[in-house]
Amino acid sequence: MKRFATTPSYTKCGYASQLYQHLENLGVVRQAEKICSVTNHSNQKMQHFFLKQGFHKDAEYEDASRKTYGKFYVFCKNLEVSKHDASSRTR
């Protein structure tokens, strides 16, 4: 997914949480080790959302072609892949 946004009148309804929970579940089913997303340094609401959802700030960078936007922050969350799921990968 490239981007998503919520219409202001629908913020705080839990839609972003539902979307990220679904993406996290897909990651677990596909045995991904982590899920990551990027936001701009000035997007305080999204940074707060990531932290609330259990993500941690993993990195920051500046895109040379988008210098006017400043730094971007990478937030990641480690996924819990059960031992049963992990053992099935080696079969």
# chains A, B, ... in the order shown; residues from 1 in each chain; ligands from 1
call {"tool": "residues_around", "arguments": {"residues": "Glu60 (chain A)", "least_positions_apart": "2", "cutoff": "6 Å", "atoms": "only C-alpha atoms", "output": "list in words"}}
result
Phe72, Tyr73 and Val74 of chain A
call {"tool": "select_by_dssp", "arguments": {"residues": "chain A", "states": "helix (DSSP H, G or I)", "output": "PyMOL selection string"}}
result
chain A and resi 8-10+15-29+44-52+64-69+83-89
call {"tool": "write_last_selection", "arguments": {"atoms": "C-alpha atoms", "output": "CSV table (one decimal), in the first residue's frame"}}
result
chain,number,residue,atom,x,y,z
A,8,PRO,CA,-11.2,14.3,9.2
A,9,SER,CA,-14.9,13.6,10.1
A,10,TYR,CA,-14.0,9.8,10.4
A,15,TYR,CA,-10.5,2.5,10.9
A,16,ALA,CA,-6.7,2.8,10.8
A,17,SER,CA,-6.4,0.4,13.7
A,18,GLN,CA,-8.6,-2.1,11.9
A,19,LEU,CA,-6.6,-1.8,8.7
A,20,TYR,CA,-3.2,-2.2,10.4
A,21,GLN,CA,-4.6,-5.2,12.4
A,22,HIS,CA,-5.6,-6.8,9.1
A,23,LEU,CA,-2.2,-6.1,7.6
A,24,GLU,CA,-0.5,-7.5,10.7
A,25,ASN,CA,-2.6,-10.7,10.5
A,26,LEU,CA,-1.7,-11.1,6.8
A,27,GLY,CA,1.9,-10.8,7.8
A,28,VAL,CA,1.6,-13.5,10.4
A,29,VAL,CA,-0.2,-15.8,8.1
A,44,GLN,CA,2.8,13.7,14.7
A,45,LYS,CA,-0.6,11.9,14.6
A,46,MET,CA,0.7,9.0,12.5
A,47,GLN,CA,3.8,8.7,14.7
A,48,HIS,CA,1.6,8.5,17.8
A,49,PHE,CA,-0.6,6.0,16.1
A,50,PHE,CA,2.4,3.7,15.3
A,51,LEU,CA,3.6,3.9,18.9
A,52,LYS,CA,0.1,3.1,20.2
A,64,ALA,CA,17.2,13.3,-2.1
A,65,SER,CA,14.3,13.7,-4.6
A,66,ARG,CA,12.0,14.9,-1.9
A,67,LYS,CA,14.3,17.1,0.2
A,68,THR,CA,11.6,19.8,0.7
A,69,TYR,CA,9.6,17.2,2.8
A,83,LYS,CA,6.6,-22.1,16.7
A,84,HIS,CA,4.2,-24.3,14.8
A,85,ASP,CA,4.1,-21.8,11.9
A,86,ALA,CA,7.9,-21.4,12.0
A,87,SER,CA,8.5,-25.2,12.0
A,88,SER,CA,6.2,-25.6,8.9
A,89,ARG,CA,8.6,-23.3,7.0
call {"tool": "closest_residue", "arguments": {"among": "A:Asn43, A:Gln31, A:Ser37, A:Gln53", "to": "Gly14 (chain A)", "atoms": "only C-alpha atoms"}}
result
A:Gln53
call {"tool": "atom_distance", "arguments": {"atom1": "CA of Tyr61 (chain A)", "atom2": "CA of Cys76 (chain A)"}}
result
14.4 Å
call {"tool": "atom_distance", "arguments": {"atom1": "CA of Ala59 (chain A)", "atom2": "CA of Ala5 (chain A)"}}
result
22.3 Å
call {"tool": "closest_residue", "arguments": {"among": "A:Arg30, A:Gly70, A:Phe75, A:Asn40", "to": "Lys57 (chain A)", "atoms": "only C-alpha atoms"}}
result
A:Phe75
call {"tool": "atom_distance", "arguments": {"atom1": "CA of Arg3 (chain A)", "atom2": "CA of Ile35 (chain A)"}}
result
15.0 Å
call {"tool": "select_by_dssp", "arguments": {"residues": "region 5-72 of chain A", "states": "strand (DSSP E or B)", "output": "MDAnalysis selection string"}}
result
chainID A and resid 34:40 56:62 71:72
call {"tool": "closest_residue", "arguments": {"among": "A:Lys12, A:Lys77, A:Lys71, A:His56", "to": "Ser42 (chain A)", "atoms": "only C-alpha atoms"}}
result
A:Lys71
call {"tool": "decode", "arguments": {"residues": "region 37-70 of chain A", "atoms": "N, CA and C atoms", "output": "mmCIF file, in the first residue's frame"}}
result
data_model
loop_
_atom_site.group_PDB
_atom_site.id
_atom_site.type_symbol
_atom_site.label_atom_id
_atom_site.label_comp_id
_atom_site.auth_asym_id
_atom_site.auth_seq_id
_atom_site.Cartn_x
_atom_site.Cartn_y
_atom_site.Cartn_z
ATOM 1 N N SER A 37 6.320 0.674 8.196
ATOM 2 C CA SER A 37 5.645 1.746 7.490
ATOM 3 C C SER A 37 6.452 3.023 7.679
ATOM 4 N N VAL A 38 6.237 3.978 6.793
ATOM 5 C CA VAL A 38 7.012 5.222 6.800
ATOM 6 C C VAL A 38 6.067 6.404 6.914
ATOM 7 N N THR A 39 6.485 7.408 7.669
ATOM 8 C CA THR A 39 5.735 8.651 7.750
ATOM 9 C C THR A 39 6.702 9.827 7.826
ATOM 10 N N ASN A 40 6.184 10.985 7.514
ATOM 11 C CA ASN A 40 6.985 12.205 7.541
ATOM 12 C C ASN A 40 7.237 12.639 8.980
ATOM 13 N N HIS A 41 8.367 13.315 9.182
ATOM 14 C CA HIS A 41 8.742 13.759 10.525
ATOM 15 C C HIS A 41 7.710 14.703 11.145
ATOM 16 N N SER A 42 6.947 15.382 10.335
ATOM 17 C CA SER A 42 5.976 16.347 10.854
ATOM 18 C C SER A 42 4.597 15.740 11.119
ATOM 19 N N ASN A 43 4.410 14.479 10.773
ATOM 20 C CA ASN A 43 3.106 13.834 10.954
ATOM 21 C C ASN A 43 3.017 13.226 12.358
ATOM 22 N N GLN A 44 2.797 14.094 13.338
ATOM 23 C CA GLN A 44 2.751 13.671 14.733
ATOM 24 C C GLN A 44 1.624 12.673 15.014
ATOM 25 N N LYS A 45 0.485 12.848 14.375
ATOM 26 C CA LYS A 45 -0.645 11.941 14.613
ATOM 27 C C LYS A 45 -0.302 10.517 14.182
ATOM 28 N N MET A 46 0.359 10.382 13.027
ATOM 29 C CA MET A 46 0.707 9.042 12.546
ATOM 30 C C MET A 46 1.800 8.424 13.422
ATOM 31 N N GLN A 47 2.751 9.228 13.845
ATOM 32 C CA GLN A 47 3.793 8.716 14.739
ATOM 33 C C GLN A 47 3.172 8.208 16.040
ATOM 34 N N HIS A 48 2.250 8.953 16.598
ATOM 35 C CA HIS A 48 1.554 8.539 17.812
ATOM 36 C C HIS A 48 0.774 7.241 17.559
ATOM 37 N N PHE A 49 0.118 7.157 16.406
ATOM 38 C CA PHE A 49 -0.631 5.954 16.050
ATOM 39 C C PHE A 49 0.287 4.734 16.026
ATOM 40 N N PHE A 50 1.445 4.871 15.365
ATOM 41 C CA PHE A 50 2.370 3.739 15.292
ATOM 42 C C PHE A 50 2.798 3.279 16.683
ATOM 43 N N LEU A 51 3.162 4.229 17.531
ATOM 44 C CA LEU A 51 3.600 3.868 18.878
ATOM 45 C C LEU A 51 2.470 3.199 19.654
ATOM 46 N N LYS A 52 1.267 3.694 19.502
ATOM 47 C CA LYS A 52 0.094 3.117 20.173
ATOM 48 C C LYS A 52 -0.157 1.680 19.706
ATOM 49 N N GLN A 53 0.161 1.390 18.446
ATOM 50 C CA GLN A 53 -0.051 0.060 17.874
ATOM 51 C C GLN A 53 1.108 -0.903 18.143
ATOM 52 N N GLY A 54 2.126 -0.454 18.877
ATOM 53 C CA GLY A 54 3.242 -1.337 19.218
ATOM 54 C C GLY A 54 4.417 -1.287 18.261
ATOM 55 N N PHE A 55 4.424 -0.321 17.360
ATOM 56 C CA PHE A 55 5.562 -0.137 16.458
ATOM 57 C C PHE A 55 6.667 0.601 17.211
ATOM 58 N N HIS A 56 7.886 0.529 16.706
ATOM 59 C CA HIS A 56 8.990 1.319 17.230
ATOM 60 C C HIS A 56 9.668 2.037 16.065
ATOM 61 N N LYS A 57 10.241 3.192 16.359
ATOM 62 C CA LYS A 57 10.953 3.944 15.317
ATOM 63 C C LYS A 57 12.248 3.207 15.033
ATOM 64 N N ASP A 58 12.383 2.740 13.807
ATOM 65 C CA ASP A 58 13.503 1.880 13.422
ATOM 66 C C ASP A 58 14.600 2.662 12.708
ATOM 67 N N ALA A 59 14.221 3.686 11.959
ATOM 68 C CA ALA A 59 15.221 4.437 11.178
ATOM 69 C C ALA A 59 14.618 5.761 10.741
ATOM 70 N N GLU A 60 15.475 6.619 10.239
ATOM 71 C CA GLU A 60 15.027 7.853 9.607
ATOM 72 C C GLU A 60 15.936 8.138 8.429
ATOM 73 N N TYR A 61 15.404 8.832 7.442
ATOM 74 C CA TYR A 61 16.186 9.133 6.248
ATOM 75 C C TYR A 61 15.625 10.361 5.554
ATOM 76 N N GLU A 62 16.411 10.912 4.659
ATOM 77 C CA GLU A 62 15.960 11.985 3.778
ATOM 78 C C GLU A 62 16.038 11.469 2.352
ATOM 79 N N ASP A 63 14.988 11.686 1.605
ATOM 80 C CA ASP A 63 14.930 11.280 0.206
ATOM 81 C C ASP A 63 15.465 12.442 -0.622
ATOM 82 N N ALA A 64 16.548 12.221 -1.348
ATOM 83 C CA ALA A 64 17.186 13.282 -2.124
ATOM 84 C C ALA A 64 16.221 13.930 -3.111
ATOM 85 N N SER A 65 15.289 13.149 -3.647
ATOM 86 C CA SER A 65 14.348 13.704 -4.619
ATOM 87 C C SER A 65 13.162 14.407 -3.940
ATOM 88 N N ARG A 66 13.090 14.319 -2.600
ATOM 89 C CA ARG A 66 11.974 14.939 -1.867
ATOM 90 C C ARG A 66 12.491 15.734 -0.666
ATOM 91 N N LYS A 67 13.617 16.403 -0.858
ATOM 92 C CA LYS A 67 14.260 17.129 0.238
ATOM 93 C C LYS A 67 13.349 18.151 0.906
ATOM 94 N N THR A 68 12.439 18.740 0.159
ATOM 95 C CA THR A 68 11.556 19.760 0.729
ATOM 96 C C THR A 68 10.627 19.177 1.797
ATOM 97 N N TYR A 69 10.460 17.852 1.827
ATOM 98 C CA TYR A 69 9.596 17.218 2.817
ATOM 99 C C TYR A 69 10.315 16.919 4.129
ATOM 100 N N GLY A 70 11.632 17.067 4.153
ATOM 101 C CA GLY A 70 12.389 16.785 5.370
ATOM 102 C C GLY A 70 12.567 15.294 5.596
#
